[in-house]
Structures are given as C-alpha cells and as structure tokens.
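First up is the structure itself, then whatever we jot down about it.
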Amino acid sequence: MAKTPQAIRGTQDVFGADAEAFAFVVETFERVRRLYRFRRVEMPVFEKTEVFSRAIGETTDVVSKEMYSFEDRGGDSLTLRPEFTAGIARAYLSNGWQQHAPLKVATHGPLFRYERPQKGRYRQFHQIDAEIIGAAEPQADVELLAMADQLLKELGIEGVTLHLNTLGDGDSREAWRAALVEYFRAVKDELSEDSQERLEKNPLRILDSKDRRDQRFVADAPRIDDFLTEEAKAFFEAVTSGLDAAGVKWQRAESLVRGLDYYRHTAFEFIPDEGSEAAGKLGSQSTILGGGRYDGLMESLGGAPTPAVGWAAGIERLAMLVGDKDEPNADVVVVVENDELIQSAIAAIGKIRAAGHSADLMATGSPRKRFDKAVKAGADKIVAFDLRDGVEHVRIKADDGARGTIEKLLD
C-alpha cells in the first residue's frame with residue numbers, strides 16, 4: 001500500500017472541541033468588530049516580497065529568517081504573508097482607500113512564518129487584526145484598545161492586563177535612540193552577539209532582549225520619558241486618560257518597545273498576570289494581543305505620511321485560553337423509524353432548517369434503535385417518522401412550547 005502523506009511540520013489539523021474554540025474566537029471577533037464599526041477586508045495570502053521587506057525591515061528576524069519567499073514563473077519574488085499590517089497598508093495606497101480615511105478595518109486568516117514550532121506557535125498560524133488608518137488623534141488608540149479589551153472579556157479570558165508604553169513622536173524617538181547608542185556602545189563588548197549587531201541599526205531592540213548578558217545593562221539604560229517632547233507627553237496623557245474613562249485597566253511598561261523606526265507613540269501588549277490561569281496555559285508565550293501606532297509605515301511603501309494604529313492576536317493562543325468548546329447539540333433531531341418515510345423526513349428537516357433551527361437526520365442503523373440513540377445523544381427535541389397500520393405517524397418529543405413551534409413548521 002502507498003504510504004499516507006503526513007502533515008507538514010508546524011501545521012495542524014483542527015477538529016472537534018479545538019475547532020469549536022477556534023470558531024468561537026472568530027465569531028466573537030466578528031461580532032465585536034461590528035459593534036465598533038470596523039469594516040471587513042480580505043487580503044491576498046501572498047504579496048510581492050518588497051511589501052514585507054520594506055515594511056517590516058530588512059534586519060528583522062521575520063524578513064531575514066522567517067519568511068516563506070519564492071520566485072514565480074514570471075521571475076517576481078513573492079512571499080506568503082507573515083503578518084497583515086503591511087498588506088493592508090499596501091492596499092490602502094494602491095486602491096485609493098485614502099478617500100475613506102479615517103478608515104477602520106478588520107480581518108482574520110492564516111499567516112506563515114518559518115520558525116521553530118512550539119506551544120501556541122505554528123508555521124501556518126492564524127490571526128485576528130484591527131487597524132485604524134488616517135487618524136492621528138489619541139482617541140483612535142483608545143478605541144482600538146477598548147475594542148481589544150472588550151473582545152478578551154467576551155471571550156471569557158481573565159487574569160490579563162494591558163501593558164502600555166509610549167515611544168514618543170519622531171523627535172523624541174530620535175533623541176532617545178541616540179542616547180541608547182551612546183550608552184550601549186560603552187559596554188558593547190559585554191553585550192550578546194545579537195545586541196552587538198543591533199546596536200547601530202536597531203538599538204531599541206536591545207531593551208527587550210531576553211539574554212542575561214543584555215538584561216543587566218537594560219535597567220540603567222536611558223528612559224524614553226527623559227526625551228519626550230511636550231506634544232508626545234500630551235498624546236500619551238490623552239491615551240491613558242481615555243483608557244481610564246473607558247474602564248480599561250492598564251499598567252505602564254517602560255521596557256515595552258518596537259524596534260522599527262516607523263513606530264510612534266503608543267505601544268501595547270495584553271499579557272497574562274503572573275500566576276494566572278492564562279499564564280499557566282500559555283507558558284512562555286506570554287503576549288496574547290499586541291500592537292501600536294505606526295505613523296511612519298506608509299512612507300516606507302512610497303505613500304504620503306499617514307497616521308495609523310493597529311493590533312493583532314493569534315487565534316490559536318486565544319483558543320487555548322478559551323478552552324475546549326463542545327459542539328452544541330442540534331436544536332432538533334429528525335428520526336426515521338421506517339425507511340419508507342425517508343422523503344417525508346427530508347422534507348421536514350428542510351423546513352426546520354429554513355426556519356433557522358439546527359437539525360440532524362438520524363436514518364442509519366437499526367430503525368428500531370434510532371429514537372433511543374437520539375435520546376442518548378442528548379437531543380431534547382425529536383421528531384420521529386413511523387408507519388402505523390400503513391399510515392404515516394409523526395411523534396414529537398419536546399416541551400409544550402417547542403412542540404407547538406415544531407407542529408406549525410411541519411404543517
């Protein structure tokens with residue numbers, strides 16, 4: 001016999017309770033998206049490689065190590081999307097979506113990164129994503145964060161806190177960056193190899209290094225607060241006061257940074273509290289939802305300066321926190337106790353489903369055992385078709401209210 005092909009490492013086949021949890025995350029996201037009036041967009045699964053290399057940055061691990069890139073038959077370099085934001089930014093510019101600014105959009109779907117698979121992390125994974133493009137006001141940041149907070153609450157995820165920081169405006173960030181380079185240059189030989197490489201290109205990334213050689217210097221590194229302009233201070237104050245007004249709990253996280261130059265002002269992550277059930281389920285993969293303001297991204301793609309802010313969250317991780325979701329029982333089970341009545345049963349189940357009720361048809365196995373099988377499966381509303389003295393007989397098992405509804409549907 002031919003050998004059965006196996007799934008590719010880093011991918012997964014989702015079924016049963018896991019699939020129900022996955023669907024619950026997506027359905028909840030779609031419902032919350034509509035509450036906040038975010039418009040649905042669908043994006044290509046692959047783009048020209050330059051969309052991601054220019055937007056994410058040539059020196060990042062995503063671009064240098066993790067992208068699935070290939071040359072098509074026309075000789076163009078294409079890449080399976082490793083994230084949503086760059087593709088949405090490209091679409092905003094190439095499709096003339098500027099006419100809709102400020103534009104609130106949301107999407108979800110598969111993404112691809114060639115990285116070591118581990119708990120909650122896959123080479124093909126799925127994210128939900130929300131962006132506000134063309135809004136420079138701090139209220140946009142507040143709305144996005146309030147949306148994320150409500151989403152997590154409606155998913156039933158507890159023991160999670162919003163960690164918040166400011167990266168300042170362009171002037172603030174540049175002054176801070178220069179101070180960081182000067183500070184870390186003095187101890188360059190004692191830094192990790194990765195941080196030595198990042199020192200001139202991307203010094204902010206040293207601040208979130210997990211290497212102990214770096215961490216001992218991070219505590220005394222220059223702080224962004226010492227370099228904030230008055231405008232940047234006012235922006236961050238508007239965000240934090242807006243979150244307070246919206247009832248979103250947050251805490252300052254000064255070590256939370258974004259290495260790419262186009263990030264400005266707000267950076268944030270929702271992280272499980274230490275010792276919480278969420279932390280126990282996710283292990284070392286602690287960030288549940290993260291994002292920030294990326295006011296400089298459009299310029300890297302050839303567009304005019306455009307303010308924007310967004311976030312993304314892994315569906316797999318959220319599903320792990322949601323826990324198993326059993327598939328709900330059918331509203332009605334239609335049982336065929338005599339095979340001569342299969343057509344009547346098919347007609348009946350069609351009417352039930354057309355009225356918006358989920359329904360299963362039980363018409364296999366021993367006809368005598370089908371009704372009992374439906375009862376054992378947990379069905380509390382059963383419509384059974386049988387012949388009695390050669391006449392079609394319909395038996396309904398349901399409470400009085402449901403019985404009346406079913407009888408009207410079958411008339």
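Naming scheme: A, B, ... for chains in displayed order of the structure tokens; residues 1 onward per chain; ligands 1 onward as shown.
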*Considering only C-alpha atoms, return as a list in words whatever protein or nucleic-acid residues lie within 8 Å of segment 406-411 of chain A, sequence-local ones (same chain, fewer than 5 positions apart) excluded.*
Ala348, Lys351, Ile352 and Ala355 of chain A
Looking only at the backbone, which of the residues in segment 177-279 of chain A does DSSP tag as strand (DSSP E), as a short mmCIF file (atom, residue, chain, number, x, y, z; two decimals) with C-alpha atoms, in the first residue's frame?
```
data_model
loop_
_atom_site.label_atom_id
_atom_site.label_comp_id
_atom_site.auth_asym_id
_atom_site.auth_seq_id
_atom_site.Cartn_x
_atom_site.Cartn_y
_atom_site.Cartn_z
CA TRP A 250 -3.62 49.26 32.23
CA GLN A 251 -0.14 49.45 33.66
CA ARG A 252 2.97 51.25 32.45
CA ARG A 264 5.47 56.19 17.13
CA HIS A 265 3.70 56.97 20.39
CA THR A 266 1.60 54.10 21.75
CA ALA A 267 2.92 50.55 22.05
CA PHE A 268 0.94 47.93 23.92
CA GLU A 269 0.50 44.26 24.77
CA PHE A 270 -2.12 42.34 26.72
CA ILE A 271 -0.17 39.94 28.96
CA PRO A 272 -1.36 37.27 31.43
#
```
*To one decimal in Å, tell me the separation between atom CA of Ile132 of chain A and atom CA of Ala278 of chain A.*
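About the pair atom CA of Ile132 of chain A and atom CA of Ala278 of chain A: they are 28.1 Å apart.
Atom CA of Leu207 of chain A is positioned 12.4 Å from atom CA of Leu167 of chain A.
Distances to Thr306 of chain A were evaluated for A:Met67, A:Val322, A:Leu260, A:Leu93 using only C-alpha atoms, and the minimum falls at A:Leu93.
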*For each of A:Ala140, A:Arg81, A:Arg198, A:Arg9, take the minimum atom-to-atom distance to Pro117 of chain A, counting only C-alpha atoms, then give the residue where this is smallest.*
A:Arg9
_I'd like the neighbourhood of segment 150-161 of chain A as a ChimeraX atom specification, where a residue qualifies if any of its atoms comes within 10 Å (using only C-alpha atoms), though same-chain residues fewer than 3 positions away should be ignored._
/A:21,24-25,27-33,144-147,164,248-251,269-279,287-289,318-319,321-323
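Nearest to Gln139 of chain A of all the residues A:Arg123, A:Arg258, A:Arg293, A:Lys3 is A:Arg293, counting only C-alpha atoms.
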*asked:* Given only C-alpha atoms as the basis, pick out the residue of A:Leu243, A:Leu111, A:Ile349, A:Leu103 nearest to Ala136 of chain A.
replied: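 Looking only at the distances to Ala136 of chain A, the closest residue turns out to be A:Leu103.
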